[in-house]
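Chemist: What follows is work.txt, made up of compact mmCIF, C-alpha atoms and all ligand atoms:
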# COMPACT_ATOMS: atom_id res chain seq x y z
CA MET A 1492 11.08 -20.00 -3.34
CA THR A 1493 9.72 -17.58 -5.94
CA THR A 1494 6.19 -18.19 -7.15
CA LEU A 1495 5.81 -15.28 -9.52
CA ASP A 1496 8.62 -13.78 -11.55
CA LEU A 1497 8.09 -10.77 -13.79
CA HIS A 1498 10.97 -9.88 -16.04
CA ALA A 1499 11.24 -6.66 -18.10
CA VAL A 1500 7.48 -6.41 -18.66
CA HIS A 1501 6.48 -3.63 -21.08
CA LYS A 1502 3.01 -2.51 -22.13
CA THR A 1503 1.88 0.40 -24.27
CA TYR A 1504 -1.61 1.48 -25.30
CA GLY A 1505 -1.12 3.53 -28.48
CA ALA A 1506 1.14 6.41 -27.51
CA VAL A 1507 0.74 5.74 -23.75
CA THR A 1508 3.43 3.69 -22.01
CA ALA A 1509 1.61 1.96 -19.16
CA LEU A 1510 4.52 -0.31 -18.09
CA ALA A 1511 8.11 0.61 -18.85
CA GLY A 1512 10.05 -2.49 -17.80
CA ILE A 1513 8.80 -4.18 -14.62
CA ASP A 1514 10.94 -6.69 -12.72
CA LEU A 1515 9.25 -8.17 -9.67
CA GLN A 1516 9.55 -11.37 -7.67
CA VAL A 1517 6.80 -12.59 -5.36
CA ARG A 1518 7.61 -15.39 -2.93
CA GLU A 1519 5.33 -18.37 -2.50
CA GLY A 1520 2.74 -17.83 0.24
CA SER A 1521 3.58 -14.13 0.63
CA ARG A 1522 1.45 -11.00 0.25
CA THR A 1523 2.59 -8.18 -2.03
CA ALA A 1524 0.86 -4.80 -2.25
CA ILE A 1525 1.27 -2.63 -5.34
CA VAL A 1526 0.71 1.06 -4.65
CA GLY A 1527 1.14 4.13 -6.76
CA PRO A 1528 -0.62 7.23 -8.00
CA SER A 1529 -3.52 7.03 -10.43
CA GLY A 1530 -2.31 6.10 -13.92
CA SER A 1531 1.00 4.65 -12.71
CA GLY A 1532 0.23 1.23 -14.24
CA LYS A 1533 -1.02 -0.86 -11.29
CA THR A 1534 -4.11 -2.29 -12.97
CA SER A 1535 -2.25 -2.87 -16.25
CA LEU A 1536 0.29 -4.96 -14.36
CA LEU A 1537 -2.40 -6.96 -12.55
CA ARG A 1538 -4.28 -7.62 -15.79
CA ILE A 1539 -1.10 -8.90 -17.44
CA ILE A 1540 -0.46 -11.25 -14.49
CA ALA A 1541 -4.09 -12.45 -14.68
CA GLY A 1542 -3.84 -13.02 -18.44
CA PHE A 1543 -6.55 -10.50 -19.43
CA GLU A 1544 -3.89 -8.56 -21.40
CA ALA A 1545 -0.65 -9.55 -23.11
CA PRO A 1546 2.58 -7.65 -22.54
CA ASP A 1547 4.32 -6.14 -25.60
CA ALA A 1548 7.57 -7.56 -24.25
CA GLY A 1549 8.87 -9.31 -21.15
CA ARG A 1550 8.16 -12.56 -19.36
CA VAL A 1551 5.71 -13.69 -16.70
CA VAL A 1552 6.58 -16.97 -14.97
CA LEU A 1553 4.44 -18.65 -12.28
CA GLY A 1554 6.17 -21.54 -10.52
CA ASP A 1555 7.80 -23.40 -13.40
CA GLN A 1556 5.23 -22.32 -15.99
CA LEU A 1557 5.93 -19.57 -18.52
CA LEU A 1558 2.65 -17.62 -18.69
CA ALA A 1559 3.71 -14.84 -21.04
CA ASP A 1560 6.67 -14.34 -23.31
CA GLY A 1561 5.95 -11.02 -24.98
CA PRO A 1562 2.59 -11.27 -26.76
CA ALA A 1563 2.56 -15.10 -26.60
CA ILE A 1564 0.44 -15.89 -23.54
CA VAL A 1565 -1.32 -18.70 -21.70
CA PRO A 1566 -5.07 -17.76 -21.59
CA ALA A 1567 -6.45 -16.48 -18.29
CA HIS A 1568 -8.69 -19.49 -17.63
CA LEU A 1569 -5.74 -21.88 -17.81
CA ARG A 1570 -3.54 -20.00 -15.33
CA GLY A 1571 -5.00 -21.09 -11.99
CA ILE A 1572 -5.09 -17.48 -10.84
CA GLY A 1573 -7.96 -15.99 -8.79
CA TYR A 1574 -9.03 -12.40 -9.42
CA VAL A 1575 -11.24 -10.20 -7.23
CA PRO A 1576 -12.08 -6.88 -8.90
CA GLN A 1577 -12.91 -3.60 -7.18
CA ASP A 1578 -16.69 -4.00 -7.21
CA GLY A 1579 -16.68 -7.77 -6.63
CA ALA A 1580 -18.43 -8.22 -10.01
CA LEU A 1581 -20.92 -10.76 -8.63
CA PHE A 1582 -23.59 -12.06 -11.00
CA PRO A 1583 -26.66 -10.10 -9.81
CA HIS A 1584 -29.25 -12.62 -11.02
CA LEU A 1585 -27.56 -15.60 -9.29
CA SER A 1586 -27.88 -16.57 -5.64
CA VAL A 1587 -24.88 -16.44 -3.31
CA ALA A 1588 -24.58 -20.24 -3.63
CA ASP A 1589 -24.47 -20.06 -7.42
CA ASN A 1590 -22.01 -17.16 -7.39
CA VAL A 1591 -19.63 -19.01 -5.06
CA GLY A 1592 -19.99 -22.28 -6.96
CA PHE A 1593 -19.89 -20.69 -10.42
CA GLY A 1594 -16.66 -22.32 -11.58
CA LEU A 1595 -17.35 -25.72 -9.93
CA PRO A 1596 -18.76 -28.75 -11.77
CA ARG A 1597 -22.58 -28.68 -11.68
CA HIS A 1598 -24.98 -31.31 -10.31
CA THR A 1599 -22.46 -33.10 -8.12
CA PRO A 1600 -22.82 -33.71 -4.35
CA GLN A 1601 -19.31 -32.31 -3.89
CA ARG A 1602 -20.38 -28.92 -5.25
CA ALA A 1603 -22.70 -28.05 -2.34
CA GLN A 1604 -20.14 -29.35 0.13
CA ARG A 1605 -17.39 -27.18 -1.38
CA VAL A 1606 -19.67 -24.12 -1.39
CA ASP A 1607 -20.37 -24.71 2.32
CA GLU A 1608 -16.63 -24.98 3.00
CA LEU A 1609 -15.94 -21.75 1.13
CA MET A 1610 -18.70 -19.90 3.00
CA GLU A 1611 -17.07 -21.03 6.22
CA MET A 1612 -13.63 -19.94 5.02
CA VAL A 1613 -14.83 -16.40 4.36
CA ALA A 1614 -16.91 -16.36 7.59
CA LEU A 1615 -20.31 -16.00 5.94
CA ASP A 1616 -23.43 -17.56 7.44
CA LYS A 1617 -24.91 -20.35 5.32
CA ALA A 1618 -28.32 -18.76 5.86
CA MET A 1619 -27.22 -16.30 3.14
CA LEU A 1620 -26.79 -18.94 0.46
CA GLN A 1621 -30.14 -18.30 -1.22
CA ARG A 1622 -29.90 -14.51 -1.11
CA ARG A 1623 -29.07 -12.39 -4.15
CA PRO A 1624 -26.02 -10.08 -4.06
CA HIS A 1625 -28.16 -6.94 -3.59
CA GLU A 1626 -29.44 -8.44 -0.32
CA LEU A 1627 -25.91 -8.40 1.16
CA SER A 1628 -23.78 -5.60 2.62
CA GLY A 1629 -20.74 -4.36 0.69
CA GLY A 1630 -18.37 -6.31 2.94
CA GLN A 1631 -20.43 -9.49 2.56
CA GLN A 1632 -20.44 -9.09 -1.23
CA GLN A 1633 -16.64 -8.79 -1.22
CA ARG A 1634 -16.43 -12.02 0.81
CA VAL A 1635 -18.66 -13.81 -1.70
CA ALA A 1636 -16.39 -12.55 -4.51
CA LEU A 1637 -13.40 -13.84 -2.60
CA ALA A 1638 -15.09 -17.22 -2.00
CA ARG A 1639 -15.84 -17.48 -5.73
CA ALA A 1640 -12.19 -16.76 -6.54
CA LEU A 1641 -11.03 -19.29 -3.91
CA ALA A 1642 -13.36 -22.02 -5.25
CA LEU A 1643 -10.89 -23.13 -7.90
CA ARG A 1644 -7.99 -23.35 -5.43
CA PRO A 1645 -5.87 -20.69 -7.17
CA ARG A 1646 -2.07 -20.72 -7.02
CA LEU A 1647 -2.11 -16.95 -6.92
CA MET A 1648 -4.81 -14.48 -5.82
CA LEU A 1649 -5.04 -11.01 -7.36
CA LEU A 1650 -7.03 -8.37 -5.49
CA ASP A 1651 -7.72 -5.14 -7.40
CA GLU A 1652 -8.73 -2.53 -4.81
CA PRO A 1653 -11.27 -4.95 -3.33
CA PHE A 1654 -11.89 -2.90 -0.19
CA SER A 1655 -12.19 0.56 -1.70
CA ALA A 1656 -16.00 0.66 -1.78
CA LEU A 1657 -16.28 -0.19 1.92
CA ASP A 1658 -16.52 2.40 4.67
CA THR A 1659 -13.53 2.89 6.97
CA GLY A 1660 -14.51 0.53 9.81
CA LEU A 1661 -15.73 -2.29 7.60
CA ARG A 1662 -12.73 -1.84 5.34
CA ALA A 1663 -10.23 -2.45 8.14
CA VAL A 1664 -12.16 -5.46 9.48
CA THR A 1665 -12.61 -7.04 6.02
CA ARG A 1666 -8.96 -6.40 5.11
CA LYS A 1667 -7.74 -8.10 8.27
CA ALA A 1668 -10.09 -11.06 7.81
CA VAL A 1669 -9.04 -11.50 4.16
CA ALA A 1670 -5.34 -11.25 5.02
CA GLN A 1671 -5.70 -13.91 7.74
CA LEU A 1672 -7.73 -16.16 5.50
CA LEU A 1673 -5.25 -16.00 2.62
CA GLN A 1674 -2.33 -16.47 4.96
CA SER A 1675 -3.82 -19.53 6.64
CA ALA A 1676 -4.68 -21.00 3.22
CA GLY A 1677 -1.06 -20.30 2.16
CA ILE A 1678 -2.19 -18.50 -1.01
CA THR A 1679 0.27 -16.11 -2.64
CA THR A 1680 -1.51 -12.78 -2.98
CA ILE A 1681 -1.05 -9.50 -4.84
CA LEU A 1682 -3.15 -6.53 -3.77
CA VAL A 1683 -3.46 -3.32 -5.76
CA THR A 1684 -4.48 -0.34 -3.67
CA HIS A 1685 -4.43 3.46 -3.58
CA ASP A 1686 -4.26 3.38 0.18
CA GLN A 1687 -0.76 3.54 1.66
CA ALA A 1688 -1.83 2.45 5.15
CA GLU A 1689 -3.67 -0.51 3.64
CA ALA A 1690 -0.57 -1.53 1.67
CA LEU A 1691 1.73 -1.22 4.69
CA SER A 1692 -0.56 -3.23 6.98
CA PHE A 1693 -1.68 -5.91 4.51
CA ALA A 1694 1.53 -6.91 2.80
CA ASP A 1695 4.93 -8.34 3.61
CA GLN A 1696 6.30 -6.82 0.39
CA VAL A 1697 5.27 -3.41 -0.94
CA ALA A 1698 6.00 -2.29 -4.52
CA VAL A 1699 5.67 1.44 -5.24
CA MET A 1700 4.87 2.25 -8.88
CA ARG A 1701 5.51 5.53 -10.61
CA GLU A 1702 5.02 6.24 -14.31
CA GLY A 1703 5.07 2.59 -15.33
CA ARG A 1704 8.15 1.68 -13.28
CA LEU A 1705 8.77 0.28 -9.81
CA ALA A 1706 10.25 3.13 -7.78
CA GLN A 1707 11.00 0.84 -4.81
CA VAL A 1708 10.20 -2.68 -3.62
CA GLY A 1709 10.74 -3.94 -0.08
CA ARG A 1710 9.37 -4.74 3.33
CA PRO A 1711 6.76 -2.24 4.59
CA LEU A 1712 8.85 -0.95 7.49
CA ASP A 1713 11.96 -0.53 5.30
CA LEU A 1714 10.03 1.46 2.73
CA TYR A 1715 8.40 3.61 5.39
CA LEU A 1716 11.64 4.40 7.22
CA ARG A 1717 14.10 4.25 4.32
CA PRO A 1718 12.39 5.41 1.11
CA THR A 1719 14.72 5.91 -1.86
CA ASP A 1720 13.62 9.48 -2.60
CA PRO A 1721 11.34 12.23 -1.26
CA ALA A 1722 8.54 11.36 -3.73
CA THR A 1723 8.39 7.77 -2.44
CA ALA A 1724 8.65 9.05 1.14
CA ASN A 1725 5.64 11.31 0.62
CA PHE A 1726 3.69 8.62 -1.16
CA LEU A 1727 3.96 6.25 1.81
CA GLY A 1728 2.86 8.80 4.41
CA GLU A 1729 3.62 12.32 5.59
CA ALA A 1730 7.31 13.14 5.66
CA VAL A 1731 9.42 15.96 7.06
CA VAL A 1732 12.26 16.50 4.57
CA LEU A 1733 15.03 18.94 5.53
CA PRO A 1734 18.40 20.00 4.10
CA ALA A 1735 21.25 19.04 6.42
CA GLN A 1736 25.02 19.00 6.86
CA LEU A 1737 26.18 15.45 7.52
CA SER A 1738 29.20 14.26 9.40
CA ALA A 1739 30.29 11.34 11.58
CA GLY A 1740 26.79 9.89 12.11
CA TRP A 1741 25.04 13.22 12.72
CA ALA A 1742 22.92 15.62 10.69
CA GLU A 1743 22.89 19.34 11.52
CA CYS A 1744 19.58 20.80 10.36
CA ALA A 1745 16.86 23.27 11.29
CA LEU A 1746 15.85 20.91 14.13
CA GLY A 1747 19.36 20.84 15.57
CA ARG A 1748 21.63 17.79 15.70
CA ILE A 1749 19.98 14.49 14.77
CA ALA A 1750 21.51 11.01 14.72
CA ILE A 1751 21.76 9.21 11.36
CA HIS A 1752 22.69 5.59 10.68
CA ASP A 1753 25.26 6.25 7.99
CA ALA A 1754 28.47 7.38 9.70
CA GLN A 1755 30.29 7.51 6.35
CA ARG A 1756 28.15 10.24 4.80
CA SER A 1757 29.48 13.79 4.99
CA GLY A 1758 28.72 17.16 3.42
CA ALA A 1759 25.37 18.48 2.26
CA GLY A 1760 22.41 16.10 2.10
CA GLN A 1761 18.69 15.69 2.61
CA ILE A 1762 17.18 13.96 5.61
CA MET A 1763 13.70 12.64 6.34
CA LEU A 1764 11.75 12.18 9.56
CA ARG A 1765 8.22 10.86 9.99
CA PRO A 1766 5.91 13.30 11.83
CA GLU A 1767 5.47 10.90 14.74
CA GLN A 1768 9.24 11.13 15.39
CA LEU A 1769 8.79 14.75 16.46
CA GLN A 1770 7.64 15.35 20.02
CA LEU A 1771 6.31 18.62 21.28
CA THR A 1772 6.58 20.08 24.77
CA GLU A 1773 4.48 23.14 25.36
CA LEU A 1774 6.44 26.00 26.95
CA ALA A 1775 5.17 28.63 29.30
CA ASN A 1776 6.38 32.08 28.13
CA GLU A 1777 8.76 32.50 31.07
CA GLY A 1778 10.52 29.25 30.06
CA LEU A 1779 11.46 30.67 26.69
CA GLY A 1780 14.76 32.27 27.73
CA ALA A 1781 16.12 29.10 29.28
CA GLN A 1782 15.03 26.91 26.33
CA ALA A 1783 16.23 29.25 23.58
CA ASN A 1784 17.61 26.88 20.97
CA ALA A 1785 16.98 25.92 17.36
CA CYS A 1786 14.03 23.68 18.24
CA LEU A 1787 11.50 26.22 19.38
CA GLY A 1788 8.40 26.64 17.30
CA VAL A 1789 4.91 28.04 17.33
CA VAL A 1790 1.78 26.06 16.45
CA LEU A 1791 0.15 27.56 13.34
CA GLU A 1792 -2.65 25.03 12.80
CA ALA A 1793 -4.10 22.10 14.74
CA ASP A 1794 -6.33 19.44 13.15
CA PHE A 1795 -8.00 17.18 15.70
CA CYS A 1796 -8.31 13.69 14.13
CA GLY A 1797 -9.41 11.69 17.21
CA PRO A 1798 -6.49 9.65 18.59
CA VAL A 1799 -3.99 12.14 17.14
CA SER A 1800 -3.91 15.80 16.28
CA GLU A 1801 -1.95 16.96 13.25
CA LEU A 1802 -0.17 20.19 14.02
CA THR A 1803 1.63 22.58 11.70
CA VAL A 1804 4.56 24.16 13.50
CA ARG A 1805 6.74 27.07 12.37
CA LEU A 1806 10.31 27.05 13.62
CA LEU A 1807 11.12 30.31 15.38
CA ALA A 1808 14.81 30.43 14.50
CA HIS A 1809 14.38 29.28 10.88
CA ALA A 1810 11.73 31.43 9.29
CA GLY A 1811 12.84 30.17 5.86
CA THR A 1812 12.10 26.51 6.67
CA ALA A 1813 8.66 25.33 5.59
CA PRO A 1814 6.31 24.70 8.55
CA LEU A 1815 6.62 21.15 9.90
CA LEU A 1816 3.87 18.58 10.30
CA VAL A 1817 3.86 16.97 13.76
CA ARG A 1818 1.50 14.35 15.22
CA SER A 1819 0.57 14.70 18.88
CA PRO A 1820 -1.81 12.66 21.06
CA GLY A 1821 -5.24 14.09 20.19
CA LEU A 1822 -6.42 14.91 23.72
CA HIS A 1823 -3.24 16.64 24.88
CA ALA A 1824 -2.06 18.52 21.80
CA PRO A 1825 -0.85 22.11 22.19
CA ALA A 1826 -3.32 24.72 20.92
CA VAL A 1827 -2.87 27.08 17.99
CA GLY A 1828 -0.48 29.89 19.02
CA ALA A 1829 1.30 27.79 21.67
CA THR A 1830 5.07 27.96 21.85
CA VAL A 1831 6.59 24.49 21.77
CA CYS A 1832 9.96 22.82 22.05
CA ILE A 1833 10.50 20.14 19.38
CA SER A 1834 12.57 17.08 20.14
CA VAL A 1835 13.38 14.25 17.72
CA GLN A 1836 12.95 10.55 18.52
CA GLY A 1837 15.16 8.01 16.79
CA HIS A 1838 17.34 8.44 13.71
CA ALA A 1839 16.79 10.50 10.59
CA HIS A 1840 16.88 8.78 7.20
CA VAL A 1841 19.40 10.23 4.73
CA PHE A 1842 18.47 10.15 1.05
CA ALA A 1843 21.13 8.98 -1.38
CA PRO A 1844 22.89 11.82 -3.22
CA GLY A 1845 20.74 13.04 -6.12
CA ALA A 1846 17.58 11.29 -4.87
N1 LIG B 1901 -7.21 0.02 -22.44
C1 LIG B 1901 -6.47 1.14 -22.40
N2 LIG B 1901 -6.36 1.94 -23.49
C2 LIG B 1901 -5.60 3.05 -23.46
N3 LIG B 1901 -4.89 3.46 -22.39
C3 LIG B 1901 -4.95 2.71 -21.29
C4 LIG B 1901 -5.75 1.52 -21.22
N4 LIG B 1901 -5.62 0.98 -19.98
C5 LIG B 1901 -4.79 1.80 -19.31
N5 LIG B 1901 -4.39 2.84 -20.08
C6 LIG B 1901 -3.46 3.92 -19.70
O1 LIG B 1901 -2.31 3.32 -19.15
C7 LIG B 1901 -1.85 4.06 -18.01
C8 LIG B 1901 -1.82 3.14 -16.79
O2 LIG B 1901 -3.17 2.81 -16.46
P1 LIG B 1901 -3.57 1.85 -15.25
O3 LIG B 1901 -5.05 1.67 -15.27
O4 LIG B 1901 -2.72 0.65 -15.31
O5 LIG B 1901 -3.12 2.74 -14.01
P2 LIG B 1901 -3.49 2.58 -12.47
O6 LIG B 1901 -2.23 2.83 -11.71
O7 LIG B 1901 -4.19 1.28 -12.24
O8 LIG B 1901 -4.51 3.78 -12.28
P3 LIG B 1901 -5.74 3.92 -11.25
O9 LIG B 1901 -5.12 3.91 -9.89
O10 LIG B 1901 -6.33 5.25 -11.60
O11 LIG B 1901 -6.67 2.75 -11.49
C9 LIG B 1901 -2.78 5.24 -17.87
O12 LIG B 1901 -2.18 6.35 -18.51
C10 LIG B 1901 -4.03 4.80 -18.59
O13 LIG B 1901 -4.72 5.91 -19.14
Would you mind writing the file out in structure tokens?
Modeler:
Amino acid sequence: MTTLDLHAVHKTYGAVTALAGIDLQVREGSRTAIVGPSGSGKTSLLRIIAGFEAPDAGRVVLGDQLLADGPAIVPAHLRGIGYVPQDGALFPHLSVADNVGFGLPRHTPQRAQRVDELMEMVALDKAMLQRRPHELSGGQQQRVALARALALRPRLMLLDEPFSALDTGLRAVTRKAVAQLLQSAGITTILVTHDQAEALSFADQVAVMREGRLAQVGRPLDLYLRPTDPATANFLGEAVVLPAQLSAGWAECALGRIAIHDAQRSGAGQIMLRPEQLQLTELANEGLGAQANACLGVVLEADFCGPVSELTVRLLAHAGTAPLLVRSPGLHAPAVGATVCISVQGHAHVFAPGA
């Protein structure tokens, strides 16, 4: 069942086209992440869904309620939509209790009870209720903002880069906790983020925006392994894109012969592999003669990133091919200058003609 349905949504600001016709469906109880480069229209789209802005044209439907039909809109406060902005936007002069309970009826016994429930939902200790926002950590402030948005039992939750101010460790922990919380509460959620890994791990549907349009919408794994074009491929992570000759389920390329899923494709094409599909075996010099094939390379650069090392490898037999990015286990990666044999795991993705 579809909860949110956007149809041909357009928005311009003066001469700038922020949204150039957005169609998007979000299923009830699901989590959608909207990613895209800066200025691609993510926040404009979220603000139109929230009701803070009106589209110039197009429709926004939530459940069976028409929220926007061009510039005619239902006001934000009547939509039943929760919104958590980037900085949490807590009221600095109010206590945690008053922030969380802000939208609830005052002076009722149920208010304090509901605030307690919400604190429990977002895993915050009730001892914090009388603190002010500046007496909390960044992650705790985000949880208070989430509790405040949950207080009114929203039909839809909008999260606008809510984790971006948190450091890496806290960010991952908070993201996971928020995803679990929203999932167990069955709340349909849309997250806007710059962070590809965050989008892929948080959502069950990812929408990639580019220049006011949706370049691709789908399940995280499908988008990662089968992006529609090289730009989308690169946006969702590092990609190795190579020209290839295709025939009968194989691609002949600078890395040799690689399996592809589409047995019908033939002729010239472009293939994509993710760096973790390439495996390196370090060769001793005397092994070179026996291993002489298209997949020999030399390590030009090695960046140690902890669990993995990112290596740049130049193919020996294809000086014209741009150096490849390969990920190797961090503690056992070949050193700069090492000669390596490159083997490919799994299938290559073939871009559609003209992508
Ligand atoms: N109120 C406004 N007035 C004029 N132009 C605007 C306004 N809001 C957004 N824009 C323009 O619309 C385009 C889309 O902006 P938007 O903020 O939606 O992008 P974004 O993808 O959220 O970017 P970022 O990731 O940097 O936040 C940009 O070119 C931006 O400059």
Chemist: Output the neighbourhood of ligand LIG 1901 (chain B) as an NGL selection string, that is, all protein and nucleic acid residues with some atom at most 7 Å from the ligand, counting only C-alpha atoms and all ligand atoms.
Modeler: :A and (1504-1505 or 1507-1509 or 1527-1536 or 1685)
Chemist: Determine, counting all atoms listed in the file, which protein, DNA and RNA residues have an atom within 7 Å of an atom of Ala1724 of chain A; residues of the same chain fewer than 5 positions away are not included. Present the result as a ChimeraX atom specification.
Modeler: /A:1715,1718,1730
Chemist: If you count all atoms listed in the file, which residues fall within 7 Å of Gly1747 of chain A, apart from same-chain ones fewer than 2 positions away, as a ChimeraX atom specification?
Modeler: /A:1743-1745,1749,1785-1786
Chemist: So the first atom is atom CA of Ala1829 of chain A and the second is atom CA of Glu1767 of chain A; what is the distance between them in Å, to one decimal place?
Modeler: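 Atom CA of Glu1767 of chain A lies 18.7 Å from atom CA of Ala1829 of chain A.
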Chemist: Point out the residue among A:Asp1651, A:Glu1544, A:Asp1560, A:Asp1695 with the least atom-to-atom distance to Gly1520 of chain A, counting only C-alpha atoms.
Modeler: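 The shortest atom-to-atom distance to Gly1520 of chain A comes from A:Asp1695.
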Chemist: Quick one: residues within 7 Å of Val1831 of chain A, only C-alpha atoms counted, chain neighbours fewer than 3 positions away excluded, as a list in words?
Modeler: Leu1771, Thr1772, Glu1773, Leu1774, Leu1787, Gly1788 and Val1789 of chain A
Chemist: Write out as a PyMOL selection string the residues lying within 12 Å of segment 1762-1764 of chain A, counting all atoms listed in the file and excluding same-chain residues fewer than 2 positions away.
Modeler: chain A and resi 1715-1725+1728-1737+1741-1746+1748-1753+1756+1759-1760+1766-1770+1815-1818+1834-1844+1846
Chemist: By how many Å are atom CA of Gln1631 of chain A and atom CA of Ala1688 of chain A apart?
Modeler: 22.3 Å
Chemist: Would you list the contacts of Gln1674 of chain A as a list in words, taking every protein, DNA or RNA residue within 9 Å and counting all atoms listed in the file, but skipping same-chain residues closer than 4 positions in sequence?
Modeler: Gly1520, Ser1521, Arg1522, Val1669, Ala1670, Ile1678, Thr1679 and Thr1680 of chain A
Chemist: Between atom CA of Ala1813 of chain A and atom CA of Leu1791 of chain A, what is the distance in Å, rounded to a tenth?
Modeler: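 Straight-line distance from atom CA of Ala1813 of chain A to atom CA of Leu1791 of chain A works out to 11.7 Å.
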Chemist: For Ala1618 of chain A, which residue among A:Ser1586, A:Thr1659, A:Thr1665, A:Thr1599 is the nearest when counting only C-alpha atoms?
Modeler: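 Between A:Ser1586, A:Thr1659, A:Thr1665, A:Thr1599, the residue approaching Ala1618 of chain A most closely is A:Ser1586.
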Chemist: Considering only C-alpha atoms, state which residue in the set A:Val1517, A:His1568, A:Ala1580, A:Pro1596 is at the smallest distance from Val1697 of chain A.
Modeler: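 The closest residue to Val1697 of chain A is A:Val1517.
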